[in-house]
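query33.pdb, holding PDB, C-alpha atoms:
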```
ATOM      1  CA  PRO A 138       6.478   8.335 -10.896
ATOM      2  CA  PHE A 139       6.778  10.445  -7.796
ATOM      3  CA  LYS A 140      10.005  10.609  -5.833
ATOM      4  CA  VAL A 141      10.788   9.683  -2.241
ATOM      5  CA  VAL A 142      13.934  10.919  -0.529
ATOM      6  CA  LEU A 143      14.848   8.891   2.537
ATOM      7  CA  PRO A 144      16.724  10.373   5.509
ATOM      8  CA  SER A 145      20.461   9.899   5.872
ATOM      9  CA  GLU A 146      23.417  11.393   7.717
ATOM     10  CA  MET A 147      23.961  13.892   4.906
ATOM     11  CA  HIS A 148      20.264  14.635   4.432
ATOM     12  CA  PRO A 149      18.232  14.117   7.654
ATOM     13  CA  PHE A 150      14.886  14.688   5.978
ATOM     14  CA  PHE A 151      12.092  12.571   4.517
ATOM     15  CA  GLU A 152      10.750  14.067   1.301
ATOM     16  CA  VAL A 153       7.899  13.195  -1.040
ATOM     17  CA  ILE A 154       8.021  14.940  -4.408
ATOM     18  CA  ASP A 155       5.269  14.695  -7.007
ATOM     19  CA  TYR A 156       5.147  16.086 -10.501
ATOM     20  CA  GLY A 157       1.424  16.662 -10.863
ATOM     21  CA  THR A 158      -0.499  19.876 -11.424
ATOM     22  CA  GLY A 159       0.936  21.574  -8.340
ATOM     23  CA  LEU A 160      -1.017  23.732  -5.897
ATOM     24  CA  SER A 161      -1.856  27.401  -5.883
ATOM     25  CA  ASP A 162      -1.223  29.623  -2.865
ATOM     26  CA  ASP A 163      -4.916  29.507  -1.898
ATOM     27  CA  GLN A 164      -5.025  25.718  -2.197
ATOM     28  CA  VAL A 165      -1.979  25.260   0.038
ATOM     29  CA  LEU A 166      -3.294  27.624   2.702
ATOM     30  CA  ASN A 167      -6.623  25.785   2.741
ATOM     31  CA  ILE A 168      -5.563  22.131   2.366
ATOM     32  CA  PHE A 169      -2.694  22.113   4.863
ATOM     33  CA  THR A 170      -4.643  23.754   7.692
ATOM     34  CA  THR A 171      -8.116  22.204   7.321
ATOM     35  CA  PHE A 172      -8.701  18.653   8.458
ATOM     36  CA  PHE A 173     -10.731  16.541   6.006
ATOM     37  CA  GLU A 174     -10.086  19.032   3.196
ATOM     38  CA  SER A 175      -8.948  17.158   0.075
ATOM     39  CA  THR A 176      -8.550  17.748  -3.656
ATOM     40  CA  LYS A 177      -9.946  14.214  -4.210
ATOM     41  CA  THR A 178     -13.195  14.539  -2.260
ATOM     42  CA  ASN A 179     -15.433  14.068  -5.286
ATOM     43  CA  SER A 180     -13.533  11.107  -6.761
ATOM     44  CA  ASN A 181     -13.806   7.399  -6.046
ATOM     45  CA  ASP A 182     -11.005   6.574  -8.473
ATOM     46  CA  GLN A 183      -8.083   7.873  -6.410
ATOM     47  CA  VAL A 184      -6.400   6.781  -3.214
ATOM     48  CA  GLY A 185      -6.990   9.123  -0.299
ATOM     49  CA  ALA A 186      -9.764  11.743  -0.294
ATOM     50  CA  PHE A 187      -9.925  11.800   3.506
ATOM     51  CA  GLY A 188      -8.210  15.172   3.823
ATOM     52  CA  LEU A 189      -5.642  13.783   6.262
ATOM     53  CA  GLY A 190      -2.625  12.999   4.083
ATOM     54  CA  SER A 191      -1.427  16.593   3.864
ATOM     55  CA  LYS A 192      -1.492  16.819   7.664
ATOM     56  CA  SER A 193       0.061  13.376   8.257
ATOM     57  CA  PRO A 194       3.579  14.753   8.961
ATOM     58  CA  PHE A 195       2.123  16.153  12.194
ATOM     59  CA  ALA A 196       1.850  12.573  13.419
ATOM     60  CA  TYR A 197       5.656  12.606  13.588
ATOM     61  CA  THR A 198       6.780  16.223  13.927
ATOM     62  CA  ASP A 199       5.503  19.627  15.009
ATOM     63  CA  ALA A 200       6.760  21.399  11.888
ATOM     64  CA  PHE A 201       7.598  20.629   8.249
ATOM     65  CA  GLU A 202       8.088  22.445   4.956
ATOM     66  CA  VAL A 203       5.996  22.573   1.785
ATOM     67  CA  PHE A 204       7.194  23.649  -1.664
ATOM     68  CA  ALA A 205       4.345  24.161  -4.149
ATOM     69  CA  ARG A 206       5.211  24.725  -7.813
ATOM     70  CA  GLN A 207       2.620  25.804 -10.345
ATOM     71  CA  ASP A 208       2.932  27.694 -13.646
ATOM     72  CA  GLY A 209       6.518  28.784 -13.057
ATOM     73  CA  VAL A 210       5.968  29.958  -9.480
ATOM     74  CA  GLN A 211       7.278  28.172  -6.387
ATOM     75  CA  ASN A 212       5.904  29.094  -2.981
ATOM     76  CA  MET A 213       7.697  27.840   0.127
ATOM     77  CA  TYR A 214       5.851  27.384   3.422
ATOM     78  CA  THR A 215       6.444  26.140   6.923
ATOM     79  CA  CYS A 216       3.599  24.198   8.530
ATOM     80  CA  PHE A 217       3.482  23.993  12.316
ATOM     81  CA  LEU A 218       1.206  23.288  15.251
ATOM     82  CA  ASN A 219       0.249  26.336  17.294
ATOM     83  CA  GLN A 220      -0.050  26.457  21.083
ATOM     84  CA  SER A 221      -3.543  24.961  20.950
ATOM     85  CA  GLY A 222      -2.367  22.099  18.741
ATOM     86  CA  ALA A 223      -4.091  23.341  15.567
ATOM     87  CA  PRO A 224      -2.187  23.373  12.249
ATOM     88  CA  GLU A 225      -1.015  26.702  10.892
ATOM     89  CA  ILE A 226       1.005  27.645   7.838
ATOM     90  CA  PHE A 227       3.347  30.536   7.121
ATOM     91  CA  LYS A 228       4.566  31.540   3.691
ATOM     92  CA  LEU A 229       8.355  31.993   3.651
ATOM     93  CA  GLU A 230       9.199  33.014   0.108
ATOM     94  CA  GLN A 231       8.198  32.963  -3.531
ATOM     95  CA  ILE A 232      10.415  32.162  -6.516
ATOM     96  CA  VAL A 233       9.450  32.890 -10.121
ATOM     97  CA  ASP A 234      11.158  30.597 -12.617
ATOM     98  CA  PRO A 235       9.435  29.545 -15.875
ATOM     99  CA  THR A 236      11.607  26.393 -16.029
ATOM    100  CA  LEU A 237      10.160  24.940 -12.810
ATOM    101  CA  GLU A 238       8.096  21.769 -13.179
ATOM    102  CA  ASN A 239       4.658  21.719 -11.591
ATOM    103  CA  GLY A 240       4.415  19.666  -8.424
ATOM    104  CA  VAL A 241       4.615  19.626  -4.647
ATOM    105  CA  THR A 242       7.418  18.707  -2.253
ATOM    106  CA  ILE A 243       6.844  17.817   1.399
ATOM    107  CA  LYS A 244      10.004  17.957   3.522
ATOM    108  CA  VAL A 245       9.953  16.441   7.023
ATOM    109  CA  PRO A 246      12.885  16.562   9.467
ATOM    110  CA  VAL A 247      13.791  13.102  10.822
ATOM    111  CA  LYS A 248      15.602  12.155  14.019
ATOM    112  CA  LYS A 249      18.825  10.225  13.500
ATOM    113  CA  ASN A 250      17.565   7.202  15.444
ATOM    114  CA  ASP A 251      14.562   6.962  13.112
ATOM    115  CA  PHE A 252      16.397   6.738   9.777
ATOM    116  CA  GLY A 253      16.051   2.948   9.710
ATOM    117  CA  LEU A 254      12.373   3.107  10.624
ATOM    118  CA  PHE A 255      11.650   5.322   7.624
ATOM    119  CA  ARG A 256      13.488   2.937   5.290
ATOM    120  CA  ALA A 257      11.559  -0.052   6.653
ATOM    121  CA  ALA A 258       8.269   1.842   6.409
ATOM    122  CA  ALA A 259       8.979   2.753   2.775
ATOM    123  CA  LEU A 260       9.563  -0.901   1.871
ATOM    124  CA  LYS A 261       6.259  -1.815   3.483
ATOM    125  CA  ALA A 262       4.165   1.102   2.217
ATOM    126  CA  TYR A 263       5.202   0.852  -1.450
ATOM    127  CA  LYS A 264       5.435  -2.943  -1.596
ATOM    128  CA  PHE A 265       2.486  -3.428  -3.945
ATOM    129  CA  PHE A 266       2.679  -0.172  -5.909
ATOM    130  CA  PRO A 267       2.554  -1.016  -9.655
ATOM    131  CA  VAL A 268       4.774   2.005 -10.330
ATOM    132  CA  ARG A 269       7.334   2.374  -7.573
ATOM    133  CA  PRO A 270       8.598   5.801  -6.563
ATOM    134  CA  ILE A 271      12.090   6.921  -7.433
ATOM    135  CA  VAL A 272      14.101   6.586  -4.226
ATOM    136  CA  GLY A 273      16.855   9.066  -3.490
ATOM    137  CA  ALA A 274      19.475   9.902  -0.829
ATOM    138  CA  ASN A 275      21.947   7.246   0.290
ATOM    139  CA  THR A 276      20.113   4.335  -1.344
ATOM    140  CA  VAL A 277      22.973   2.702  -3.248
ATOM    141  CA  ASN A 278      22.015  -0.717  -1.877
ATOM    142  CA  TRP A 279      18.280  -0.155  -2.038
ATOM    143  CA  ASN A 280      16.306  -3.296  -2.852
ATOM    144  CA  TRP A 281      12.521  -3.385  -3.110
ATOM    145  CA  ASN A 282      12.264  -7.086  -2.193
ATOM    146  CA  ASP A 283       9.511  -7.708  -4.719
ATOM    147  CA  PRO A 284       6.725 -10.066  -3.637
ATOM    148  CA  ASP A 285       7.240 -13.656  -4.769
ATOM    149  CA  TYR A 286       3.947 -14.397  -6.503
ATOM    150  CA  LYS A 287       3.100 -18.077  -7.074
ATOM    151  CA  PHE A 288      -0.480 -18.307  -8.284
ATOM    152  CA  ILE A 289      -2.226 -15.511 -10.159
ATOM    153  CA  GLY A 290      -6.015 -15.661 -10.226
ATOM    154  CA  THR A 291      -8.761 -13.415 -11.524
ATOM    155  CA  ASN A 292      -8.583 -10.922  -8.663
ATOM    156  CA  PHE A 293      -5.910 -12.348  -6.391
ATOM    157  CA  LYS A 294      -2.328 -13.571  -6.138
ATOM    158  CA  THR A 295      -0.610 -15.880  -3.679
ATOM    159  CA  ILE A 296       2.744 -14.892  -2.216
ATOM    160  CA  SER A 297       5.365 -17.067  -0.587
ATOM    161  CA  GLY A 298       7.385 -16.001   2.412
ATOM    162  CA  ASP A 299       4.532 -13.921   3.826
ATOM    163  CA  SER A 300       1.426 -15.568   5.246
ATOM    164  CA  THR A 301      -0.522 -12.299   5.521
ATOM    165  CA  VAL A 302      -3.804 -11.839   3.681
ATOM    166  CA  TYR A 303      -3.863  -8.367   2.118
ATOM    167  CA  ALA A 304      -6.807  -6.425   0.728
ATOM    168  CA  LEU A 305      -5.444  -4.254  -2.065
ATOM    169  CA  MET A 306      -7.306  -1.038  -2.920
ATOM    170  CA  GLY A 307      -5.456   0.868  -5.594
ATOM    171  CA  PRO A 308      -1.789   0.412  -4.649
ATOM    172  CA  VAL A 309      -2.453   0.377  -0.897
ATOM    173  CA  ALA A 310      -2.498  -2.986   0.907
ATOM    174  CA  TYR A 311      -4.374  -3.493   4.168
ATOM    175  CA  PRO A 312      -3.809  -6.643   6.253
ATOM    176  CA  VAL A 313      -7.055  -8.581   6.714
ATOM    177  CA  ASP A 314      -7.963  -9.916  10.151
ATOM    178  CA  LEU A 315      -9.637 -13.189   9.191
ATOM    179  CA  HIS A 316     -10.999 -13.534  12.723
ATOM    180  CA  GLN A 317     -13.401 -10.723  11.850
ATOM    181  CA  LEU A 318     -14.945 -12.815   9.067
ATOM    182  CA  LYS A 319     -17.162 -15.871   9.077
ATOM    183  CA  GLY A 320     -17.849 -18.497   6.448
ATOM    184  CA  GLU A 321     -16.028 -21.053   4.355
ATOM    185  CA  GLU A 322     -14.027 -18.435   2.428
ATOM    186  CA  SER A 323     -12.157 -17.094   5.440
ATOM    187  CA  ALA A 324     -11.898 -20.610   6.895
ATOM    188  CA  PHE A 325     -10.153 -21.808   3.734
ATOM    189  CA  LEU A 326      -7.669 -18.913   3.768
ATOM    190  CA  THR A 327      -6.931 -19.466   7.449
ATOM    191  CA  ASN A 328      -6.349 -23.180   6.900
ATOM    192  CA  TYR A 329      -4.317 -22.804   3.715
ATOM    193  CA  ARG A 330      -1.929 -20.144   4.938
ATOM    194  CA  SER A 331      -1.353 -21.868   8.270
ATOM    195  CA  ARG A 332      -0.403 -25.103   6.480
ATOM    196  CA  THR A 333       1.674 -23.585   3.682
ATOM    197  CA  SER A 334       2.951 -20.214   5.034
ATOM    198  CA  THR A 335       1.433 -18.678   1.925
ATOM    199  CA  GLY A 336      -0.198 -15.257   1.831
ATOM    200  CA  PHE A 337      -2.800 -13.714  -0.437
ATOM    201  CA  VAL A 338      -3.155 -10.341  -2.123
ATOM    202  CA  ILE A 339      -6.802  -9.773  -3.028
ATOM    203  CA  LYS A 340      -7.757  -6.844  -5.237
ATOM    204  CA  TYR A 341     -10.769  -4.655  -4.416
ATOM    205  CA  ASN A 342     -12.098  -1.528  -6.058
ATOM    206  CA  ILE A 343     -11.391   1.762  -4.317
ATOM    207  CA  GLY A 344     -14.389   2.435  -2.088
ATOM    208  CA  ASP A 345     -15.326  -1.239  -1.610
ATOM    209  CA  LEU A 346     -13.777  -1.332   1.856
ATOM    210  CA  ASP A 347     -13.903   1.168   4.686
ATOM    211  CA  ILE A 348     -10.778   1.975   6.692
ATOM    212  CA  ASN A 349     -10.377   3.202  10.235
ATOM    213  CA  ALA A 350      -9.612   6.762  11.315
ATOM    214  CA  GLY A 351      -5.886   6.060  11.459
ATOM    215  CA  ARG A 352      -5.935   5.003   7.775
ATOM    216  CA  GLU A 353      -3.659   2.057   8.580
ATOM    217  CA  ALA A 354      -6.245  -0.711   8.954
ATOM    218  CA  LEU A 355      -9.644  -1.810   7.750
ATOM    219  CA  SER A 356     -12.828  -0.933   9.553
ATOM    220  CA  TYR A 357     -14.917  -4.080   9.838
ATOM    221  CA  ASP A 358     -18.393  -2.669   9.345
ATOM    222  CA  LYS A 359     -21.117  -4.762   7.723
ATOM    223  CA  ASP A 360     -20.514  -3.586   4.132
ATOM    224  CA  THR A 361     -16.752  -4.019   4.402
ATOM    225  CA  ILE A 362     -17.117  -7.563   5.749
ATOM    226  CA  ASN A 363     -19.567  -8.498   2.990
ATOM    227  CA  ASN A 364     -17.296  -7.056   0.287
ATOM    228  CA  LEU A 365     -14.235  -8.778   1.745
ATOM    229  CA  ILE A 366     -15.999 -12.147   1.641
ATOM    230  CA  ALA A 367     -17.322 -11.524  -1.873
ATOM    231  CA  GLY A 368     -13.768 -10.984  -3.102
ATOM    232  CA  MET A 369     -12.679 -14.311  -1.597
ATOM    233  CA  LYS A 370     -15.392 -16.563  -3.002
ATOM    234  CA  ASN A 371     -13.545 -17.607  -6.163
ATOM    235  CA  ILE A 372     -10.105 -18.198  -4.653
ATOM    236  CA  ARG A 373     -10.425 -21.842  -3.620
ATOM    237  CA  VAL A 374     -12.326 -22.758  -6.802
ATOM    238  CA  GLU A 375      -9.746 -21.196  -9.136
ATOM    239  CA  MET A 376      -6.748 -22.667  -7.326
ATOM    240  CA  ALA A 377      -8.313 -26.127  -7.164
ATOM    241  CA  LYS A 378      -9.227 -26.083 -10.862
ATOM    242  CA  ASP A 379      -5.718 -25.025 -11.875
ATOM    243  CA  LEU A 380      -4.130 -27.832  -9.860
ATOM    244  CA  GLN A 381      -6.686 -30.413 -10.988
ATOM    245  CA  ASP A 382      -6.138 -29.479 -14.640
ATOM    246  CA  ALA A 383      -2.408 -29.963 -14.159
ATOM    247  CA  ILE A 384      -2.952 -33.368 -12.535
ATOM    248  CA  ASP A 385      -5.257 -34.462 -15.355
ATOM    249  CA  LYS A 386      -2.476 -33.732 -17.836
ATOM    250  CA  CYS A 387       0.053 -35.932 -16.029
ATOM    251  CA  PRO A 388       0.886 -38.942 -18.259
ATOM    252  CA  LYS A 389       1.186 -41.439 -15.389
ATOM    253  CA  LEU A 390      -0.344 -41.923 -11.946
ATOM    254  CA  TYR A 391       3.118 -41.660 -10.415
ATOM    255  CA  ASP A 392       3.551 -38.213 -12.006
ATOM    256  CA  ALA A 393       0.146 -37.113 -10.719
ATOM    257  CA  ILE A 394       0.929 -38.231  -7.170
ATOM    258  CA  LYS A 395       4.311 -36.526  -7.283
ATOM    259  CA  PHE A 396       2.732 -33.301  -8.537
ATOM    260  CA  ARG A 397       0.054 -33.380  -5.836
ATOM    261  CA  ASP A 398       2.587 -34.057  -3.098
ATOM    262  CA  LYS A 399       4.621 -31.049  -4.213
ATOM    263  CA  ASN A 400       1.804 -28.570  -4.827
ATOM    264  CA  ASP A 401      -0.826 -29.688  -2.308
ATOM    265  CA  PRO A 402       0.981 -31.823   0.298
ATOM    266  CA  HIS A 403      -1.761 -31.343   2.903
ATOM    267  CA  ASN A 404      -4.525 -32.218   0.409
ATOM    268  CA  VAL A 405      -6.306 -28.951   1.072
ATOM    269  CA  PHE A 406      -7.986 -29.084  -2.343
ATOM    270  CA  GLN A 407      -8.920 -32.804  -2.224
ATOM    271  CA  LEU A 408      -7.563 -33.389  -5.712
ATOM    272  CA  ARG A 409      -8.524 -36.493  -7.708
ATOM    273  CA  TYR A 410      -6.505 -39.007  -9.688
ATOM    274  CA  GLU A 411      -8.132 -40.443 -12.789
TER     275      GLU A 411
END
```

Now that the file is in, can you turn its structure into structure tokens?
Amino acid sequence: PFKVVLPSEMHPFFEVIDYGTGLSDDQVLNIFTTFFESTKTNSNDQVGAFGLGSKSPFAYTDAFEVFARQDGVQNMYTCFLNQSGAPEIFKLEQIVDPTLENGVTIKVPVKKNDFGLFRAAALKAYKFFPVRPIVGANTVNWNWNDPDYKFIGTNFKTISGDSTVYALMGPVAYPVDLHQLKGEESAFLTNYRSRTSTGFVIKYNIGDLDINAGREALSYDKDTINNLIAGMKNIRVEMAKDLQDAIDKCPKLYDAIKFRDKNDPHNVFQLRYE
């Protein structure tokens, strides 16, 4: 897994450290100064590919550091915005050490008042990652607060304590605005979560859904809406069948009624007693 270092009094920086193939000097100079330049452009199997992630620290600060390690060579850079607001990069030093692991480190200075915001953002951003990052720096009491999954379907899970509907592409979860959708699928989700305070995590393939320019929310174009709805079509059917099967196995009518009252108190699924 990659590593995330959260800011603290002793270390007022946010760092992301990966242990991949690393980047060459030419790659760093190109990727970190050219918007929409990405190493994933030709892949639909990886998160990203918009060419914005490497420049995302500029959304918070005017300057940050990059350490690129490849084949025993580490190059250190400072990235900054020039007077016209365009990104530039300056190489600070080079270290040759055959024992260095390949990878890249991004180091962003953080204001003291924002330490808590970065911790909260990390909990939210990595919530559904199947492999969580290693978290470092003053995280003795760190707790991921894992989602409390209740029902696991073919391509979805229900979660208690969070009534949000998430569209999951890769490990990245995007909240779904059900008001943007029409049809019985979105109507069921709206009704069910309002009555039970239950949320849904629905899995989609990378590329199924378009996201907006800020990369934080979905873009509700025609194809995205159609794909969102398609991923919801089986949810009510699968949940109803699971509950009905359980009711059918109850030895007595009393047991069936008790089960229904506990698992579907609002009779959303219109379950039957035989």

Next item on the list: Tell me which protein, DNA and RNA residues are within 10 Å of region 363-367 of chain A, counting all atoms listed in the file, leaving out same-chain ones fewer than 6 positions away, and put them as a list in words.
Entry: Ala304, Val313, Leu315, Leu318, Lys319, Gly320, Glu321, Glu322, Ser323, Ile339, Lys340, Tyr341, Asn342, Asp345, Leu346, Asp347 and Tyr357 of chain A

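For the set A:Glu375, A:Glu152, A:Asp283, A:Asp314, the residue with the smallest atom-to-atom gap to Ile271 (chain A) is A:Glu152, counting only C-alpha atoms.
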
Next item on the list: Can you work out the spacing between CA of Gly336 (chain A) and CA of Asp398 (chain A) in Å, to one decimal?
Entry: 19.6 Å

Next item on the list: Excluding Pro312 (chain A) and residues on its chain fewer than 5 positions from it, collect all residues at most 10 Å away from it, counting all atoms listed in the file, and give them as a list in words.
Entry: Thr301, Val302, Tyr303, Ala304, Leu305, Phe337, Val338, Glu353, Ala354 and Leu355 of chain A

Next item on the list: Step by step, work through what the PyMOL selection byres ((chain A and resi 147-150) around 9) selects in the shown file, and finish by giving those residues as a ChimeraX atom specification.
Entry: /A:142-146,151-152,244-249,252,274-275

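Non-sequential neighbours of Arg332 (chain A) (distance at most 12 Å, separation of 2 or more positions within a chain, all atoms listed in the file) are Ser300, Phe325, Leu326, Thr327, Asn328, Tyr329, Arg330, Ser334, Thr335, Gly336, Asp401, Pro402, His403, Asn404 and Val405 of chain A.
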
Note to self: Residue by residue, what does the PyMOL selection byres ((chain A and resi 371) around 10) grab here? Present the result as a VMD selection string.
What the structure shows: chain A and resid 290 to 293 322 366 to 370 372 to 376

Generate a file of the selected residues that holds C-alpha atoms, formatted as an mmCIF file, keeping the file's coordinate frame.
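What ended up in again.cif:
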```cif
data_model
loop_
_atom_site.group_PDB
_atom_site.id
_atom_site.type_symbol
_atom_site.label_atom_id
_atom_site.label_comp_id
_atom_site.auth_asym_id
_atom_site.auth_seq_id
_atom_site.Cartn_x
_atom_site.Cartn_y
_atom_site.Cartn_z
ATOM 1 C CA GLY A 290 -6.015 -15.661 -10.226
ATOM 2 C CA THR A 291 -8.761 -13.415 -11.524
ATOM 3 C CA ASN A 292 -8.583 -10.922 -8.663
ATOM 4 C CA PHE A 293 -5.910 -12.348 -6.391
ATOM 5 C CA GLU A 322 -14.027 -18.435 2.428
ATOM 6 C CA ILE A 366 -15.999 -12.147 1.641
ATOM 7 C CA ALA A 367 -17.322 -11.524 -1.873
ATOM 8 C CA GLY A 368 -13.768 -10.984 -3.102
ATOM 9 C CA MET A 369 -12.679 -14.311 -1.597
ATOM 10 C CA LYS A 370 -15.392 -16.563 -3.002
ATOM 11 C CA ILE A 372 -10.105 -18.198 -4.653
ATOM 12 C CA ARG A 373 -10.425 -21.842 -3.620
ATOM 13 C CA VAL A 374 -12.326 -22.758 -6.802
ATOM 14 C CA GLU A 375 -9.746 -21.196 -9.136
ATOM 15 C CA MET A 376 -6.748 -22.667 -7.326
#
```

Note to self: Can you pull out the residues contacting Gly240 (chain A)? Cut-off 7 Å, using only C-alpha atoms, and skip same-chain residues under 6 positions away; I want them as a ChimeraX atom specification.
What the structure shows: /A:155-159,205-207

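With only the atoms specified (all atoms listed in the file) counting, those residues at most 7 Å away from (-7.4, -28.0, -6.6) are A:Met376, A:Ala377, A:Lys378, A:Asp379, A:Leu380, A:Gln381, A:Phe406, A:Gln407, A:Leu408.
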
Could you dump the residues just selected with C-alpha atoms as a tab-separated table (two decimals), in the coordinates of the input?
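The result, stored in out-v8.tsv:
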```
chain	number	residue	atom	x	y	z
A	376	MET	CA	-6.75	-22.67	-7.33
A	377	ALA	CA	-8.31	-26.13	-7.16
A	378	LYS	CA	-9.23	-26.08	-10.86
A	379	ASP	CA	-5.72	-25.02	-11.88
A	380	LEU	CA	-4.13	-27.83	-9.86
A	381	GLN	CA	-6.69	-30.41	-10.99
A	406	PHE	CA	-7.99	-29.08	-2.34
A	407	GLN	CA	-8.92	-32.80	-2.22
A	408	LEU	CA	-7.56	-33.39	-5.71
```
